[in-house]
Amino acid sequence: MTRLDRSPHGDEAEIDIYLNFVDSLFADRRSMLVGLTLQVAISICVYFESGVAATGIWPAIFIAATSVRFYHTARYSRQSAAAAQLPIPERLKWAQDWELRYTLSSTLSALAVGMFAWFCIGIVATEFSIIAGLSAVFAAMPTIVGRLFGSVRLAAIATISMLIWPAIILLSHDGWASKMAVLLFLPYISLVLSMVRRVRERVVEAVRGRLEKAEIAERFNLALTNMSHGVIMFDRHQRVVVINRRARLILQIPHHVNAEGRSFSVLMRYARRFNLVPSDHAGSFQDVVSSLLVTDGRKAEIRLTNGVHVEFSGTQRPEGGSVLILEDVTERARAQERIKAMARFDSLTELPNRTHFGEEAVRRADEADPESRCLLIAFDVDDFKRVNDSIGHAQGDALLRAIARRLRRDYGDCAAISRLGGDEFMMFVDRLPVDFEIGAFADGLRDCLRRSFRIGPEKVFVTQSFGITYGKAGDFDLKRAMVEADLALYHSKAMGKGVWSLFERDMNDRYLRRQLLKGELAKAIELGTLSVRYQPIVEAATGRIAGCEALSRWHHPEHGNVSPAEYIPLAEEMGIITKLTESVIRTATRECARWPDHVTVSVNLSSIDFQRDGIGQTIQNALETAGLPANRLIVEITETAVISNEADMIDRLTRIRRTGVGIALDDFGTGYSSLSYLHRLPLDRVKIDRSFVAGIETGDTPLALLHGITDLCHGLGLKITVEGVETASQLAIVRGSGKIDKVQGYLFGPALPATAIAEMATRMPAENAAADAPAAVAQPGTAATG
């Protein structure tokens with residue numbers, strides 16, 4: 001095999017060219033028949049013209065030589081199909097073997113033609129025979145170029161084999177013309193071989209071009225097939241030129257359907273056939289996509305009925321036509337939908353958030369009959385923090401989801417429902433009839449949510465407080481309605497738990513007053529303009545003042561005296577209650593230090609005060625600054641403060657008690673489980689709530705109940721103070737039992753300034769207290785009124 005120049009395809013191109021060359025040697029039987037016919041005809045003509053009998057053998061020689069070649073060609077054809085399946089090395093060996101056979105048979109034929117020319121020139125030697133012999137030679141020469149282009153060596157062998165005999169006979173003749181004719185054979189041989197080389201180069205270029213095109217086509221097809229995008233290429237008449245597998249998949253065009261050459265409208269038939277687009281939108285879908293085929297760079301996103309979002313984009317081809325790109329953007333579309341949902345819906349309950357709820361409420365109000373009534377209801381879960389603390393935050397979230405599911409189930413058809421945040425919900429109900437009963441609806445909503453919720457293996461019971469505002473749909477103002485519903489909800493919280501309230505106009509006045517007081521209270525605490533008053537606590541047996549309870553008082557320059565029941569909750573709500581407590585502790589300890597040594601002072605602490613680690617240090621600093629012994633300070637706590645975090649409270653109270661400060665449980669007897677705290681808390685004394693004294697002189701409150709509590713407390717080693725003593729008869733009954741240590745109430749005067757307490761304590765020395773007990777009881781009241 002003749003080696004070719006190295007190419008980008010290397011041996012692959014050479015092997016392919018060689019195999020094609022060998023195929024071409026045995027490809028054309030007709031040219032061999034034509035050549036044989038001419039050779040036989042020429043030899044017969046020479047025979048008849050010359051009459052030389054020996055000329056008659058040449059047709060047989062030509063036929064024999066051609067028969068050998070025919071035989072080889074037939075065998076090659078029978079074996080070529082099987083040889084094509086052989087591995088390349090075996091196929092090359094097979095082709096080389098057949099090239100050798102062709103070389104032998106073609107050399108034999110060339111020698112036969114050359115010897116015929118030698119015979120015609122040297123033996124017959126007539127003018128016609130010389131021309132006929134040379135014509136046979138030079139007529140066969142072009143077939144060398146056309147058939148043996150793949151091998152210069154084979155072409156040279158065939159050319160020389162054919163010309164050597166005429167050259168020998170011409171050289172044997174006398175005369176320079178014969179010898180000059182032989183010399184002309186040399187450039188002719190060179191011309192033939194150069195023509196073979198040029199043909200071979202053209203063939204090599206063609207083969208290499210074909211391989212390159214095949215490789216490019218294979219790469220293009222591979223890239224096109226494996227693209228994540230669908231691609232459809234159209235000609236200038238909008239007929240499909242190329243369509244890849246992804247485009248077929250998106251448009252659901254079966255693989256057996258030949259899409260090439262079809263118009264775009266034909267492809268759209270499959271979209272309609274497989275209901276990829278709604279039938280009533282099929283025309284507009286085709287119009288949109290068709291418009292992309294005549295524009296450049298435009299895009300259109302279409303959602304198919306199978307849920308797939310496809311982005312179509314068109315690009316114009318420079319030579320005419322267009323390319324349509326189909327991209328599956330379902331994930332992107334879903335991500336955008338999720339982002340929109342996150343912006344419009346609560347992630348925990350999947351209810352509309354505040355913004356989306358507001359839009360929905362306004363829309364529903366606008367679409368409703370202006371004269372129809374509508375409700376806006378704000379509600380939350382009572383003591384939700386306690387729920388979280390008791391069952392865990394994960395279960396608390398599950399409870400909120402359960403509430404949302406129940407709301408959607410029972411009210412989703414008639415109301416817009418939202419979770420505003422935390423445990424706060426809001427509901428807008430419209431299209432209500434004129435005779436609609438708000439109370440019945442509110443009771444139904446409360447009862448719906450009051451039923452237990454199953455959270456995992458547990459049943460959870462909670463209540464909700466509701467605030468309701470209503471009006472005509474035509475007058476609905478979202479901002480105003482939300483404020484009114486919140487005010488009504490706040491009113492429900494103040495009334496208790498599990499109730500609903502309807503907005504009233506004076507709620508707004510109270511709200512404005514609250515907001516005003518909040519700002520003024522913060523300033524008052526910061527400037528220290530709040531004062532401390534002290535309610536006397538006297539010994540039951542002697543009537544001597546034994547201590548007092550420090551109470552915060554606020555006198556506003558414009559609003560006058562503001563009740564602690566009003567501003568203490570505000571301070572807790574604003575988070576400044578600890579500053580107020582610190583101020584009271586510092587003032588109480590400083591002023592108590594000026595009183596007689598037997599007088600103590602009690603300070604109330606809230607649950608919020610115990611939520612910070614510094615409360616113990618605050619007490620210690622106040623005692624050291626005032627120079628007051630720790631045993632003259634008593635800290636009063638309520639059951640509510642203990643319930644908020646019992647374990648932590650016990651730890652903090654224990655540390656405070658170790659410093660010598662007394663601990664008292666205030667308002668004992670009003671809670672659900674007060675008795676259980678008596679032996680767990682580090683207590684010194686118990687203050688029995690005023691409810692056990694009210695009505696004791698008339699028999700409305702059983703005296704035995706008071707005696708039972710006092711016996712229980714004394715049995716635990718606790719001292720007892722009774723609150724709410726307001727009449728002399730109540731005092732007599734309490735003292736008569738002989739089981740009460742101290743008493744407190746308006747009978748001994750209201751909350752007094754520190755100077756009045758000092759005067760009362762000084763006026764009744766300890767040694768005279770027992771003798772003057774009845775008078776002492778009346779004197780504080782006189783001092784207080786003065």
# chains A, B, ... in the order shown; residues from 1 in each chain; ligands from 1
$ residues_around --residues "region 429-443 of chain A" --least-positions-apart "5" --cutoff "10 Å" --atoms "only C-alpha atoms" --output "count of residues only"
34
$ residues_around --residues "Gly421 (chain A)" --least-positions-apart "2" --cutoff "12 Å" --atoms "only C-alpha atoms" --output "PyMOL selection string"
chain A and resi 345-355+378-381+397+400+418-419+423-426
$ residues_around --residues "Leu628 (chain A)" --least-positions-apart "4" --cutoff "10 Å" --atoms "only C-alpha atoms" --output "list in words"
Thr589, Arg590, Glu591, Cys592, Ala593, Arg594, Asp597, Thr600, Gln620, Ala622, Leu623, Glu624, Arg632 and Leu633 of chain A
$ residues_around --residues "region 688-702 of chain A" --least-positions-apart "2" --cutoff "8 Å" --atoms "only C-alpha atoms" --output "list of chain:residue names"
A:Asp666, A:Asp667, A:Phe668, A:Gly669, A:Thr670, A:Val686, A:Ala704, A:Leu705, A:Leu706, A:Ile720, A:Thr721, A:Val722, A:Glu723, A:Gly724, A:Val725, A:Ser729, A:Gln730, A:Ile733
$ select_by_dssp --residues "region 509-690 of chain A" --states "strand (DSSP E)" --output "ChimeraX atom specification"
/A:531-539,545-556,560-562,600-604,633-637,662-668,685-688
$ closest_residue --among "A:Ile637, A:Ile88, A:Leu681, A:Leu292" --to "Leu665 (chain A)" --atoms "only C-alpha atoms"
A:Ile637
$ atom_distance --atom1 "CA of Arg262 (chain A)" --atom2 "CA of Arg239 (chain A)"
5.2 Å
$ select_by_dssp --residues "region 481-517 of chain A" --states "alpha helix (DSSP H)" --output "PyMOL selection string"
chain A and resi 481-495+505-517
$ write_last_selection --atoms "C-alpha atoms" --output "PDB file, in the first residue's frame"
ATOM      1  CA  ALA A 481     -59.966  47.848  60.969  1.00  0.00           C
ATOM      2  CA  MET A 482     -56.716  46.129  62.021  1.00  0.00           C
ATOM      3  CA  VAL A 483     -56.141  48.725  64.741  1.00  0.00           C
ATOM      4  CA  GLU A 484     -59.710  48.310  65.982  1.00  0.00           C
ATOM      5  CA  ALA A 485     -59.472  44.509  66.015  1.00  0.00           C
ATOM      6  CA  ASP A 486     -56.176  44.699  67.930  1.00  0.00           C
ATOM      7  CA  LEU A 487     -57.736  47.054  70.484  1.00  0.00           C
ATOM      8  CA  ALA A 488     -60.666  44.693  70.941  1.00  0.00           C
ATOM      9  CA  LEU A 489     -58.227  41.789  71.328  1.00  0.00           C
ATOM     10  CA  TYR A 490     -56.285  43.678  73.967  1.00  0.00           C
ATOM     11  CA  HIS A 491     -59.537  44.304  75.799  1.00  0.00           C
ATOM     12  CA  SER A 492     -60.289  40.563  75.711  1.00  0.00           C
ATOM     13  CA  LYS A 493     -56.864  39.838  77.181  1.00  0.00           C
ATOM     14  CA  ALA A 494     -57.575  42.262  80.001  1.00  0.00           C
ATOM     15  CA  MET A 495     -60.946  40.613  80.685  1.00  0.00           C
ATOM     16  CA  ARG A 505     -65.113  53.621  70.461  1.00  0.00           C
ATOM     17  CA  ASP A 506     -63.823  54.139  73.994  1.00  0.00           C
ATOM     18  CA  MET A 507     -61.275  51.386  73.365  1.00  0.00           C
ATOM     19  CA  ASN A 508     -59.498  53.786  71.085  1.00  0.00           C
ATOM     20  CA  ASP A 509     -59.402  56.403  73.831  1.00  0.00           C
ATOM     21  CA  ARG A 510     -57.970  53.882  76.241  1.00  0.00           C
ATOM     22  CA  TYR A 511     -55.453  52.839  73.598  1.00  0.00           C
ATOM     23  CA  LEU A 512     -54.343  56.428  73.065  1.00  0.00           C
ATOM     24  CA  ARG A 513     -54.052  56.884  76.798  1.00  0.00           C
ATOM     25  CA  ARG A 514     -51.928  53.737  77.025  1.00  0.00           C
ATOM     26  CA  GLN A 515     -49.621  54.948  74.286  1.00  0.00           C
ATOM     27  CA  LEU A 516     -49.306  58.330  75.959  1.00  0.00           C
ATOM     28  CA  LEU A 517     -48.629  56.775  79.350  1.00  0.00           C
TER      29      LEU A 517
END
$ closest_residue --among "A:Ala156, A:Ser322, A:Ala214, A:Ile17" --to "Val240 (chain A)" --atoms "only C-alpha atoms"
A:Ser322
$ atom_distance --atom1 "CA of Pro89 (chain A)" --atom2 "CA of Tyr76 (chain A)"
17.8 Å
$ residues_around --residues "region 569-575 of chain A" --least-positions-apart "4" --cutoff "12 Å" --atoms "only C-alpha atoms" --output "number ranges by chain"
A: 494, 511, 513-525, 552, 562-565, 579-581, 605-609, 611-612
$ closest_residue --among "A:Val204, A:Val329, A:Leu183, A:Leu193" --to "Ala155 (chain A)" --atoms "only C-alpha atoms"
A:Leu193
$ closest_residue --among "A:Lys742, A:Lys385, A:Arg246, A:Arg332" --to "Ile643 (chain A)" --atoms "only C-alpha atoms"
A:Lys385
$ residues_around --residues "Glu319 (chain A)" --least-positions-apart "2" --cutoff "12 Å" --atoms "only C-alpha atoms" --output "list in words"
Phe234, Asp235, Arg236, Gln316, Arg317, Gly321, Ser322 and Val323 of chain A
$ write_last_selection --atoms "N, CA, C and O atoms" --output "JSON list (two decimals), in the first residue's frame"
[["chain", "number", "residue", "atom", "x", "y", "z"],
["A", 234, "PHE", "N", -34.83, 25.74, 11.12],
["A", 234, "PHE", "CA", -35.76, 25.90, 10.00],
["A", 234, "PHE", "C", -35.06, 26.58, 8.82],
["A", 234, "PHE", "O", -34.11, 27.37, 9.01],
["A", 235, "ASP", "N", -35.54, 26.24, 7.62],
["A", 235, "ASP", "CA", -35.07, 26.97, 6.44],
["A", 235, "ASP", "C", -35.91, 28.23, 6.28],
["A", 235, "ASP", "O", -36.77, 28.55, 7.13],
["A", 236, "ARG", "N", -35.69, 28.95, 5.18],
["A", 236, "ARG", "CA", -36.39, 30.23, 5.01],
["A", 236, "ARG", "C", -37.89, 30.06, 4.77],
["A", 236, "ARG", "O", -38.64, 31.02, 4.85],
["A", 316, "GLN", "N", -32.26, 34.26, 14.15],
["A", 316, "GLN", "CA", -32.23, 34.21, 12.69],
["A", 316, "GLN", "C", -30.90, 33.67, 12.19],
["A", 316, "GLN", "O", -29.83, 33.98, 12.75],
["A", 317, "ARG", "N", -30.94, 32.85, 11.14],
["A", 317, "ARG", "CA", -29.73, 32.31, 10.52],
["A", 317, "ARG", "C", -29.25, 33.27, 9.44],
["A", 317, "ARG", "O", -30.06, 33.83, 8.69],
["A", 321, "GLY", "N", -33.65, 31.55, 7.18],
["A", 321, "GLY", "CA", -34.21, 30.58, 8.09],
["A", 321, "GLY", "C", -33.99, 31.01, 9.52],
["A", 321, "GLY", "O", -33.60, 32.16, 9.81],
["A", 322, "SER", "N", -34.25, 30.13, 10.45],
["A", 322, "SER", "CA", -34.16, 30.49, 11.86],
["A", 322, "SER", "C", -33.88, 29.25, 12.70],
["A", 322, "SER", "O", -33.99, 28.12, 12.22],
["A", 323, "VAL", "N", -33.51, 29.50, 13.95],
["A", 323, "VAL", "CA", -33.27, 28.44, 14.92],
["A", 323, "VAL", "C", -34.16, 28.72, 16.12],
["A", 323, "VAL", "O", -34.16, 29.83, 16.66]]
$ residues_around --residues "Arg454 (chain A)" --least-positions-apart "5" --cutoff "9 Å" --atoms "only C-alpha atoms" --output "MDAnalysis selection string"
chainID A and resid 399 402 459:461
$ write_last_selection --atoms "C-alpha atoms" --output "mmCIF file, in the first residue's frame"
data_model
loop_
_atom_site.group_PDB
_atom_site.id
_atom_site.type_symbol
_atom_site.label_atom_id
_atom_site.label_comp_id
_atom_site.auth_asym_id
_atom_site.auth_seq_id
_atom_site.Cartn_x
_atom_site.Cartn_y
_atom_site.Cartn_z
ATOM 1 C CA LEU A 399 -50.104 23.273 67.278
ATOM 2 C CA ALA A 402 -53.147 22.301 63.450
ATOM 3 C CA LYS A 459 -53.917 16.002 73.165
ATOM 4 C CA VAL A 460 -53.413 19.722 73.705
ATOM 5 C CA PHE A 461 -56.118 22.019 75.052
#
$ closest_residue --among "A:Gly738, A:Asn604, A:Tyr534, A:Ile577" --to "Ile757 (chain A)" --atoms "only C-alpha atoms"
A:Tyr534
